[in-house]
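Structure, as structure tokens:
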Amino acid sequence: MTNTRIGVSGGGLVSLRKIKKRKDIFETCFIILMLAYPLLHFAVFWGVVNFNSIVRTFQRYVAIENGVVVNKWVFAGLQNFRNAWNSFSTADGKRIIINSIGYMIVSNFISLPLAIISSYFLFKKMPLAKVFRVIFFLPSIIPIVVLATVYRFQFDSQIGPISSIFRLFGASPPNWFGLYPNSQYMIYLYCIWAGLGYNVLLLSGAIGRLPEELFEYSKLEGTPLMREMFGIVIPLIWPTITTTFLLGLTSVFGVMLQPMMIKQGDPMVFTIALRIYNSVGAANEAARPEIIAYGLLLSVLALPVILLVRFIMERIYSDVEF
Amino acid sequence: MKKRISVICALAFVFALFCGTAVGCKSESHELKLTFYDGGYGSAWAYALAAKYEEETGVHITVDPSKTVQADAPNMLQNGTDSDIIMSHGISWELPALQGRIEPLDDLYAMECDGGTVADRIVPEIIDNGKLKFDGKYYKLPWTNGVGGLVYNKKMFDEHGWEVPTTYEELATLCETIEKAAIVVNPNAPQQSRRTVKPFAWSSETYYWDYLVFDWWAQLQGIDGINAIKNLESASVFDPDGTYKFTEALKLWTDLIRPHEVNGILRDYCIEDSSGRDYMSAQNDFINGYAAMMPNAQWFESEMRDNIDPEVCELMMMSAPAVPGAKTDDNGNVIRVSYQVGGGDSIIIPASAPNKDEAKRFLAFMMREENAKLFTERTLGVMLGVKYDNLDGIADRYLTKFAHSVFDINKNSVKFNLYSQNNMVLNNKITLEWADTGINEYAALAAGTKEIKDIFDTRYKDITAGFDTWKSESDAIYGADN
Amino acid sequence: MENTVIKLKNVKIKRGKSQAVAMWIVFVIFVIYSVSLVFPFVWMFLNSFKPSTEFFQGNIWGLPQTWRFANYSEIFLGKPVVTESGSTIITTVSGKLFGNTFKYSIFHMFIVSIALTFLCTLSNIFFSATSAYVVSKYKFAGRQALYALAIFLMIVPIAGTLPEQYQLMKTFGLTDSFFGVFLLSSAGFGMNFFLMYGFFKNISWTYAEAARVDGAGHAKVFFKIMLPFAMPAIISLAVIYAIGIWNDYTTPSIYMKSMPTLAYGLFVIRGTLEARGLYTQTFAAMIIALVPILAVFIAFSNTIMENTVAGGLKG
């Protein structure tokens with residue numbers, strides 16, 4: 001990110017040293033104290049967990065051996081990775097990945113642009129801007145189960161208001177949730193509907209930070225709104241857009257609540273995260289290594305993509321910072 | 001700002017107090033704790049049985065209905081629990097049993113009950129095919145002896161003189177009759193939202209159709225055939241061009257449910273957008289007279305009793321209509337079969353339970369016929385997996401027509417289930433009916449977006465490709481000869 | 001809000017008609033979107049007063065023919081735990097708080113959610129601040145590595161480690177505990193570290209130098225000077241983080257089962273009530289749950305909105 005490069009030279013320690021030449025023992029203690037807990041936490045909850053996960057992927061469970069109950073883990077070679085890899089190419093495996101990637105596309109190429117446009121217009125002294133912003137924010141604080149319930153009811157074919165509107169015009173409402181992929185599209189729509197406000201809020205923050213002179217100048221010039229948005233606003237809030245975009249990429253691995261709440265366990269709309277979540281605490285310990293291998297393998301495959309996107313995004317508009 | 005933060009701090013403090021007191025109160029003394037799935041059966045039965053047991057023995061039972069017990073069960077077994085008995089569907093108990101997390105019940109099975117043993121009380125087909133043992137020991141009791149299939153609105157049938165179909169052809173004819181009649185349910189509603197009675201209501205919980213289609217499958221395959229599939233000798237048991245009859249049963253279903261032409265008119269026998277509706281809305285449609293039949297199971301009346309208007313709806317369950325090609329007995333009569341809904345439902349005692357002996361005594365008590373009847377009474381017709389000679393002794397106000405119909409089906413059919421302890425099934429590699437991820441395709445088949453052949457050809461191909469690897473990997477966990 | 005400060009009123013606007021039209025089109029879209037966000041709740045509120053049967057028999061739009069305030073009172077005051085028909089009433093707000101009903105009281109869920117959100121946010125923000133401050137302002141071996149690590153953690157999602165995290169928590173005996181969830185969130189090298197690193201980096205060191213000359217220790221410089229400087233940024237990060245914790249379903253559903261938060265507990269309540277066909281009571285339960293949320297939101301809305309707007313997400 002651009003801002004992190006700016007100001008590195010301003011690090012205070014060099015000047016501090018001028019005051020105090022001798023290596024300060026207190027300083028070392030201070031650094032250790034400040035870092036101790038975060039590092040410990042990291043070592044345990046990231047380090048140990050990841051280490052265990054990797055070890056586990058090379059193991060398999062044996063409950064009965066030669067007719068005797070043994071209950072032990074043994075070395076499994078690449079069996080779990082092979083199974084995980086094979087599961088990508090089954091119909092179910094493909095659908096899970098496609099469903100998951102869909103969230104990334106929706107959040108980065110539909111939600112994000114909509115949010116940029118929305119925050120720009122809110123910023124341009126839209127009447128009731130403040131009211132809108134509060135209303136848009138509501139989905140962010142209302143528990144998802146409530147939101148998902150009302151959303152689903154709006155589309156019920158017999159009692160839902162939206163289907164009633166269809167019927168009022170003599171049309172029969174489509175099969176919203178019953179059939180895949182319709183059900184999946186409806187979940188994507190939910191994500192846009194419920195998630196827009198939050199992004200608007202973040203981006204409004206970034207736009208609000210821009211120097212007002214820029215806009216006064218462009219207004220005097222009579223720059224069209226579109227050109228102002230694409231020529232000034234977007235380049236200037238690019239770091240925020242980059243971050244939001246990168247977080248959107250990770251939704252491939254993160255989304256699970258929306259399908260879970262809206263379609264309540266329908267395997268057609270499973271995502272990667274939901275598949276992993278469902279295996280947690282399950283009685284079948286023997287299945288654990290394969291699910292971990294599945295997750296790790298996907299992470300490894302995604303890594304170059306994420307790094308590449310980051311590399312490209314950062315070079316589109318560089319060195320702008322407000 | 002500071003003020004607000006102090007408000008939050010105060011709240012956090014109050015909360016901390018809460019936690020403190022809560023922990024103190026949690027260790028409420030009880031002699032036995034019964035945790036069970038809080039679903040369609042309700043919890044009245046548990047309170048009734050607990051009261052009776054306390055009267056008889058003086059032992060107090062803490063009744064703990066839980067909506068999440070199925071998901072919690074693995075943790076309860078792994079991490080310890082104060083529940084003495086767990087009753088739920090969907091408990092994978094075999095591996096935890098090997099790991100010593102579940103109490104073996106062989107002594108319970110040998111305990112005295114109604115003049116014989118507990119084992120004698122259990123329905124023979126469940127003892128034979130219910131897979132109650134693992135590694136040579138009993139670890140679970142069956143919970144219910146479930147009945148599923150088509151539930152119909154008797155009131156509506158009587159009013160219009162419709163006969164309960166006994167064959168598939170009669171069912172198809174009945175559907176057309178209902179459609180032709182075009183009975184408007186809500187004549188006072190505005191034109192565009194007026195609706196006519198449909199033959200079927202169903203919901204996004206499409207697996208309810210299994211309860212009918214599995215019966216058809218077993219009619220075609222025979223109980224022995226079903227049990228052979230459960231053994232998974234080779235991949236070829238799933239060959240849709242071979243002996244596998246599930247596809248035939250499904251074809252009959254698809255022919256009926258998918259919109260199709262009957263005498264030149266396009267007929268859709270289902271309430272609009274059935275596959276997209278949540279099950280409670282669909283069930284309410286049914287009990288409010290918008291449909292004549294609904295695939296459902298023995299808990300239906302108990303689940304809906306607060307909402308049923310007896311003027312509109314009287315529930316009954318019908319035996320699965322006989323399909324063409326169904327197996328017959330020596331006299332040429334179709335062999336009546338009934339899928340044991342929830343065949344995998346379990347009653348288990350966690351190894352960490354505080355009072356295992358009392359738990360066993362309670363379960364032996366529950367298996368007695370009079371107490372099984374109390375269960376059936378308070379669940380309006382749900383039957384435990386034990387033998388019932390009759391329904392005598394159940395108070396009239398509980399003994400509904402529905403309860404009778406469930407009893408009749410259990411009494412007059414050969415029960416079967418699809419619960420298998422094959423290593424590949426235990427290892428989640430193969431399921432016996434639908435896809436291995438639990439996807440059933442009723443919605444797509446009804447809508448015509450998928451064909452049976454494509455679904456099952458693909459599945460057969462996947463199973464053939466994976467079979468040997470799955471078998472060896474699964475055998476490596478549970479032992480080859482298990 | 002900074003953006004509202006912009007003084008454009010006295011500038012003659014020279015923009016085309018088409019732009020005014022665009023503005024109004026967007027305005028209309030915003031109105032529709034806002035209605036779509038608010039309407040379902042009005043609909044739910046209205047239906048929460050009907051008997052379930054009335055709702056399912058087709059009165060979906062109108063005012064209740066029979067006002068069934070019991071939908072609220074039953075949930076709010078609690079009813080006998082079980083009726084003869086087997087309906088279990090699972091929520092009490094002011095009724096029994098202990099025993100079986102304890103874990104499902106909406107009031108309790110709300111308190112748990114507030115406490116969890118507050119404590120997790122506080123710890124995460126605090127530890128992110130300490131680590132970010134040290135890494136950005138002090139020179140020591142390994143600081144580059146720590147920074148690289150933070151970037152790595154932020155952008156690379158590692159999927160599939162949840163099962164082993166659960167096993168670890170099991171080892172600590174924290175599979176059903178408030179403290180466990182709190183512990184998990186008290187990390188210092190997540191996303192917040194990275195953002196706070198940026199803030200500290202940009203804060204001038206001059207004040208710190210002056211204070212050091214006056215004899216202030218390292219800790220004093222951090223707590224008395226740097227932390228207050230970074231406070232606006234910290235608050236905005238805290239708000240965003242708090243929203244995440246508030247809405248988190250996953251972690252409490254795994255590690256805090258017997259002490260549900262609103263996000264998880266309402267899911268269980270919905271399931272229990274809907275399984276009895278008590279939809280209108282489900283709506284009532286949800287409305288009851290929304291009231292305190294909205295109350296807190298209104299009380300803090302300025303803090304939340306202004307700080308999020310002022311700080312925003314800085315990449």
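By convention here, the chains of the structure tokens are called A, B, ... in the order presented, each chain's residues are numbered starting at 1, and ligands are numbered starting at 1 in the order presented.
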DSSP on the backbone: what in stretch 162-263 of chain C comes out alpha helix (DSSP H), as a VMD selection string? chain C and resid 162 to 171 178 to 185 191 to 202 206 to 213 218 to 220 227 to 247 250 to 255 262 to 263
So that I can see what lies close to B:Trp202, please list as a VMD selection string the residues with an atom at most 10 Å from it, counting only C-alpha atoms and leaving out residues fewer than 4 positions away in the same chain. chain B and resid 206 to 209 270 to 283 285 to 286 291 293 to 296
Fewer than 4 positions away in the same chain doesn't count, so skip those; otherwise give me all residues within 6 Å of B:Phe36, counting only C-alpha atoms, as an MDAnalysis selection string. chainID B and resid 65:66 86:88
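Atom pair atom CA of A:Leu189 / atom CA of A:Pro139: separated by 13.9 Å.
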Any chance you could list, as a PyMOL selection string, the residues in stretch 43-113 of chain A that come up strand (DSSP E or B) when DSSP is run on the backbone? chain A and resi 59-65+68-75
Generate the output file for the selected residues, C-alpha atoms, as a PDB file, in the first residue's frame.
```
ATOM      1  CA  GLN A  59      -1.779 -38.413   8.664  1.00  0.00           C
ATOM      2  CA  ARG A  60      -4.714 -40.761   8.637  1.00  0.00           C
ATOM      3  CA  TYR A  61      -6.781 -42.242  11.410  1.00  0.00           C
ATOM      4  CA  VAL A  62      -6.811 -45.928  12.314  1.00  0.00           C
ATOM      5  CA  ALA A  63      -9.588 -47.082  14.601  1.00  0.00           C
ATOM      6  CA  ILE A  64      -9.309 -50.849  14.203  1.00  0.00           C
ATOM      7  CA  GLU A  65      -6.174 -52.688  13.179  1.00  0.00           C
ATOM      8  CA  VAL A  68      -8.102 -54.681  17.621  1.00  0.00           C
ATOM      9  CA  VAL A  69      -9.298 -51.201  18.522  1.00  0.00           C
ATOM     10  CA  VAL A  70      -6.217 -48.992  18.359  1.00  0.00           C
ATOM     11  CA  ASN A  71      -7.422 -45.390  17.724  1.00  0.00           C
ATOM     12  CA  LYS A  72      -4.228 -43.809  16.460  1.00  0.00           C
ATOM     13  CA  TRP A  73      -2.915 -41.461  13.816  1.00  0.00           C
ATOM     14  CA  VAL A  74      -0.416 -42.850  11.305  1.00  0.00           C
ATOM     15  CA  PHE A  75       1.560 -41.388   8.426  1.00  0.00           C
TER      16      PHE A  75
END
```
Which polymer residues have any atom within 9 Å of an atom of stretch 68-75 of chain B, counting only C-alpha atoms, with same-chain residues fewer than 5 positions away left out, as a PyMOL selection string? (chain A and resi 281-284) or (chain B and resi 35-38+80-81+86-93+96) or (chain C and resi 175+257+268)
Residues as selected, C-alpha atoms, written as an mmCIF file, in the first residue's frame, can you do that?
```cif
data_model
loop_
_atom_site.group_PDB
_atom_site.id
_atom_site.type_symbol
_atom_site.label_atom_id
_atom_site.label_comp_id
_atom_site.auth_asym_id
_atom_site.auth_seq_id
_atom_site.Cartn_x
_atom_site.Cartn_y
_atom_site.Cartn_z
ATOM 1 C CA GLY A 281 -16.357 -30.662 15.873
ATOM 2 C CA ALA A 282 -17.925 -33.397 13.775
ATOM 3 C CA ALA A 283 -17.749 -36.843 15.260
ATOM 4 C CA ASN A 284 -15.922 -38.253 12.290
ATOM 5 C CA THR B 35 -31.259 -34.231 26.529
ATOM 6 C CA PHE B 36 -33.188 -34.748 23.320
ATOM 7 C CA TYR B 37 -33.838 -33.153 19.969
ATOM 8 C CA ASP B 38 -36.547 -30.553 20.272
ATOM 9 C CA GLY B 80 -17.737 -34.545 28.591
ATOM 10 C CA THR B 81 -21.297 -33.645 29.458
ATOM 11 C CA ILE B 86 -28.959 -38.164 24.476
ATOM 12 C CA MET B 87 -31.719 -38.766 21.947
ATOM 13 C CA SER B 88 -31.381 -37.365 18.469
ATOM 14 C CA HIS B 89 -31.249 -38.070 14.793
ATOM 15 C CA GLY B 90 -27.975 -37.928 12.920
ATOM 16 C CA ILE B 91 -25.544 -38.912 15.669
ATOM 17 C CA SER B 92 -22.502 -40.583 14.117
ATOM 18 C CA TRP B 93 -21.835 -42.847 17.019
ATOM 19 C CA PRO B 96 -16.974 -42.326 19.185
ATOM 20 C CA THR C 175 -14.489 -25.171 23.634
ATOM 21 C CA LYS C 257 -22.552 -22.630 22.579
ATOM 22 C CA VAL C 268 -31.606 -21.054 17.523
#
```
Contact residues around A:Tyr180 with only C-alpha atoms at 9 Å, ignoring same-chain residues under 5 positions, as a VMD selection string: (chain A and resid 185 268 to 269) or (chain B and resid 443 to 444)
Near-B:Lys154 list (12 Å; only C-alpha atoms; drop same-chain fewer than 6 positions) as a PyMOL selection string: chain B and resi 160-164+286-287+289+291-293+310-318+400-402+405
Those same residues - C-alpha atoms - I'd like them written as an mmCIF file, in the first residue's frame.
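As written to disk, result-v6.cif reads:
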```cif
data_model
loop_
_atom_site.group_PDB
_atom_site.id
_atom_site.type_symbol
_atom_site.label_atom_id
_atom_site.label_comp_id
_atom_site.auth_asym_id
_atom_site.auth_seq_id
_atom_site.Cartn_x
_atom_site.Cartn_y
_atom_site.Cartn_z
ATOM 1 C CA HIS B 160 -65.394 -34.690 -2.332
ATOM 2 C CA GLY B 161 -65.789 -38.432 -2.278
ATOM 3 C CA TRP B 162 -62.184 -39.144 -3.197
ATOM 4 C CA GLU B 163 -60.922 -42.666 -2.474
ATOM 5 C CA VAL B 164 -57.529 -43.204 -0.895
ATOM 6 C CA PHE B 286 -51.622 -28.042 3.414
ATOM 7 C CA ILE B 287 -53.484 -27.830 6.716
ATOM 8 C CA GLY B 289 -56.747 -26.749 2.596
ATOM 9 C CA ALA B 291 -53.532 -29.155 -1.121
ATOM 10 C CA ALA B 292 -54.950 -32.612 -0.677
ATOM 11 C CA MET B 293 -51.725 -34.515 0.032
ATOM 12 C CA PRO B 310 -60.351 -29.381 12.663
ATOM 13 C CA GLU B 311 -63.048 -27.807 10.502
ATOM 14 C CA VAL B 312 -60.605 -27.610 7.611
ATOM 15 C CA CYS B 313 -58.242 -30.478 8.071
ATOM 16 C CA GLU B 314 -58.028 -33.936 9.506
ATOM 17 C CA LEU B 315 -54.724 -35.679 8.954
ATOM 18 C CA MET B 316 -54.152 -39.265 7.946
ATOM 19 C CA MET B 317 -51.220 -41.141 6.534
ATOM 20 C CA MET B 318 -51.714 -43.463 3.583
ATOM 21 C CA THR B 400 -56.336 -39.265 16.564
ATOM 22 C CA LYS B 401 -57.084 -40.799 13.204
ATOM 23 C CA PHE B 402 -53.535 -39.920 12.295
ATOM 24 C CA SER B 405 -53.034 -44.667 10.525
#
```
Neighbours of stretch 290-293 of chain C within 8 Å (only C-alpha atoms; same-chain residues fewer than 2 positions away dropped), as a PDB file with C-alpha atoms, in the first residue's frame?
```pdb
ATOM      1  CA  ILE A 141     -25.797  -3.973  12.853  1.00  0.00           C
ATOM      2  CA  ILE A 142     -28.844  -6.196  12.482  1.00  0.00           C
TER       3      ILE A 142
ATOM      4  CA  PHE C 110     -27.850  -8.984  24.251  1.00  0.00           C
ATOM      5  CA  MET C 286     -36.793 -10.544  16.319  1.00  0.00           C
ATOM      6  CA  ILE C 287     -38.420  -7.186  16.988  1.00  0.00           C
ATOM      7  CA  ILE C 288     -37.610  -7.537  20.687  1.00  0.00           C
ATOM      8  CA  ALA C 295     -31.341   1.940  20.871  1.00  0.00           C
ATOM      9  CA  VAL C 296     -27.602   1.445  21.171  1.00  0.00           C
ATOM     10  CA  PHE C 297     -27.115   2.394  17.542  1.00  0.00           C
TER      11      PHE C 297
END
```
Specify as a list in words all residues of chain A found within 6 Å of chain C, counting only C-alpha atoms.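 Residues of chain A within 6 Å of chain C, counting only C-alpha atoms: Met1, Thr4, Gly11, Gly12, Leu13, Met34, Leu35, Pro38, Val49, Ser53, Pro143, Val145, Val150, Leu202, Ser204, Gly205, Ala206, Gly208, Glu212, Gly222, Pro239, Thr240, Thr243, Val280, Ile292, Gly295, Leu296 and Ser299 of chain A.
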Selected residues, N, CA and C atoms, written as a PDB file, in the first residue's frame, please.
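So the final result, stored in result_16.pdb, reads:
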```
ATOM      1  N   MET A   1       0.848  -1.203   0.000  1.00  0.00           N
ATOM      2  CA  MET A   1       0.000   0.000   0.000  1.00  0.00           C
ATOM      3  C   MET A   1       0.877   1.244   0.000  1.00  0.00           C
ATOM      4  N   THR A   4       2.346   3.319   3.180  1.00  0.00           N
ATOM      5  CA  THR A   4       3.348   2.737   4.054  1.00  0.00           C
ATOM      6  C   THR A   4       4.753   3.045   3.553  1.00  0.00           C
ATOM      7  N   GLY A  11      11.130   7.704  10.560  1.00  0.00           N
ATOM      8  CA  GLY A  11      11.248   6.885  11.764  1.00  0.00           C
ATOM      9  C   GLY A  11      12.000   7.642  12.847  1.00  0.00           C
ATOM     10  N   GLY A  12      11.476   7.590  14.051  1.00  0.00           N
ATOM     11  CA  GLY A  12      11.967   8.480  15.086  1.00  0.00           C
ATOM     12  C   GLY A  12      13.261   8.070  15.736  1.00  0.00           C
ATOM     13  N   LEU A  13      13.626   6.834  15.532  1.00  0.00           N
ATOM     14  CA  LEU A  13      14.697   6.322  16.352  1.00  0.00           C
ATOM     15  C   LEU A  13      16.039   7.006  16.096  1.00  0.00           C
ATOM     16  N   MET A  34       6.006  -4.841  24.933  1.00  0.00           N
ATOM     17  CA  MET A  34       4.950  -4.462  24.008  1.00  0.00           C
ATOM     18  C   MET A  34       4.641  -5.592  23.022  1.00  0.00           C
ATOM     19  N   LEU A  35       5.671  -6.331  22.678  1.00  0.00           N
ATOM     20  CA  LEU A  35       5.476  -7.359  21.652  1.00  0.00           C
ATOM     21  C   LEU A  35       5.168  -8.737  22.240  1.00  0.00           C
ATOM     22  N   PRO A  38       1.315 -10.076  21.870  1.00  0.00           N
ATOM     23  CA  PRO A  38       0.946 -10.317  20.463  1.00  0.00           C
ATOM     24  C   PRO A  38       1.745 -11.449  19.833  1.00  0.00           C
ATOM     25  N   VAL A  49      -1.409 -23.742  15.427  1.00  0.00           N
ATOM     26  CA  VAL A  49      -2.574 -24.226  14.680  1.00  0.00           C
ATOM     27  C   VAL A  49      -2.177 -24.603  13.254  1.00  0.00           C
ATOM     28  N   SER A  53      -2.039 -28.268  11.650  1.00  0.00           N
ATOM     29  CA  SER A  53      -2.851 -28.534  10.462  1.00  0.00           C
ATOM     30  C   SER A  53      -2.019 -29.223   9.399  1.00  0.00           C
ATOM     31  N   PRO A 143     -28.596  -8.499  13.252  1.00  0.00           N
ATOM     32  CA  PRO A 143     -28.100  -9.877  13.115  1.00  0.00           C
ATOM     33  C   PRO A 143     -28.530 -10.495  11.790  1.00  0.00           C
ATOM     34  N   VAL A 145     -29.335 -13.359  10.895  1.00  0.00           N
ATOM     35  CA  VAL A 145     -30.462 -14.284  10.857  1.00  0.00           C
ATOM     36  C   VAL A 145     -31.771 -13.506  10.677  1.00  0.00           C
ATOM     37  N   VAL A 150     -36.151 -11.955   6.908  1.00  0.00           N
ATOM     38  CA  VAL A 150     -37.046 -11.012   6.225  1.00  0.00           C
ATOM     39  C   VAL A 150     -36.811 -11.053   4.716  1.00  0.00           C
ATOM     40  N   LEU A 202     -17.374   2.949   4.259  1.00  0.00           N
ATOM     41  CA  LEU A 202     -15.914   2.948   4.187  1.00  0.00           C
ATOM     42  C   LEU A 202     -15.426   3.911   3.114  1.00  0.00           C
ATOM     43  N   SER A 204     -17.091   6.399   1.710  1.00  0.00           N
ATOM     44  CA  SER A 204     -17.420   7.783   2.045  1.00  0.00           C
ATOM     45  C   SER A 204     -16.329   8.371   2.913  1.00  0.00           C
ATOM     46  N   GLY A 205     -15.817   7.553   3.803  1.00  0.00           N
ATOM     47  CA  GLY A 205     -14.741   8.002   4.657  1.00  0.00           C
ATOM     48  C   GLY A 205     -13.547   8.446   3.837  1.00  0.00           C
ATOM     49  N   ALA A 206     -13.205   7.631   2.857  1.00  0.00           N
ATOM     50  CA  ALA A 206     -12.043   7.953   2.025  1.00  0.00           C
ATOM     51  C   ALA A 206     -12.293   9.209   1.200  1.00  0.00           C
ATOM     52  N   GLY A 208     -14.373  11.592   1.895  1.00  0.00           N
ATOM     53  CA  GLY A 208     -14.472  12.724   2.792  1.00  0.00           C
ATOM     54  C   GLY A 208     -13.119  13.304   3.172  1.00  0.00           C
ATOM     55  N   GLU A 212     -10.917  19.625  -0.123  1.00  0.00           N
ATOM     56  CA  GLU A 212     -12.085  20.185  -0.770  1.00  0.00           C
ATOM     57  C   GLU A 212     -11.733  21.104  -1.947  1.00  0.00           C
ATOM     58  N   GLY A 222     -16.416  23.348 -14.255  1.00  0.00           N
ATOM     59  CA  GLY A 222     -17.575  22.685 -14.853  1.00  0.00           C
ATOM     60  C   GLY A 222     -17.264  21.279 -15.310  1.00  0.00           C
ATOM     61  N   PRO A 239      -6.106   3.678  -2.908  1.00  0.00           N
ATOM     62  CA  PRO A 239      -5.625   2.738  -1.881  1.00  0.00           C
ATOM     63  C   PRO A 239      -6.787   2.060  -1.137  1.00  0.00           C
ATOM     64  N   THR A 240      -7.821   2.841  -0.843  1.00  0.00           N
ATOM     65  CA  THR A 240      -8.979   2.247  -0.166  1.00  0.00           C
ATOM     66  C   THR A 240      -9.650   1.216  -1.063  1.00  0.00           C
ATOM     67  N   THR A 243      -7.629  -1.970  -1.080  1.00  0.00           N
ATOM     68  CA  THR A 243      -7.822  -2.784   0.113  1.00  0.00           C
ATOM     69  C   THR A 243      -9.166  -3.501   0.064  1.00  0.00           C
ATOM     70  N   VAL A 280     -16.131 -28.972  11.474  1.00  0.00           N
ATOM     71  CA  VAL A 280     -15.540 -28.691  12.784  1.00  0.00           C
ATOM     72  C   VAL A 280     -16.351 -29.339  13.891  1.00  0.00           C
ATOM     73  N   ILE A 292      -8.770 -30.514   5.940  1.00  0.00           N
ATOM     74  CA  ILE A 292      -7.686 -29.540   6.135  1.00  0.00           C
ATOM     75  C   ILE A 292      -6.850 -29.458   4.863  1.00  0.00           C
ATOM     76  N   GLY A 295      -8.545 -27.300   2.354  1.00  0.00           N
ATOM     77  CA  GLY A 295      -8.394 -25.867   2.601  1.00  0.00           C
ATOM     78  C   GLY A 295      -6.998 -25.369   2.277  1.00  0.00           C
ATOM     79  N   LEU A 296      -5.994 -26.113   2.722  1.00  0.00           N
ATOM     80  CA  LEU A 296      -4.619 -25.667   2.499  1.00  0.00           C
ATOM     81  C   LEU A 296      -4.277 -25.647   1.016  1.00  0.00           C
ATOM     82  N   SER A 299      -5.726 -22.638  -0.538  1.00  0.00           N
ATOM     83  CA  SER A 299      -4.993 -21.437  -0.157  1.00  0.00           C
ATOM     84  C   SER A 299      -3.720 -21.302  -0.972  1.00  0.00           C
TER      85      SER A 299
END
```
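Across the model, the gap from atom CA of A:Ser279 to atom CA of A:Ile291 is 7.5 Å.
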As an exercise, work out the distance from atom CA of A:Ala91 to atom CA of B:Glu233 in Å and give it to one decimal place.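 Between atom CA of A:Ala91 and atom CA of B:Glu233 the gap is 24.7 Å.
For the set A:Ala115, A:Leu220, A:Ile96, A:Leu303, the residue with the smallest atom-to-atom gap to chain B is A:Ile96, counting only C-alpha atoms.
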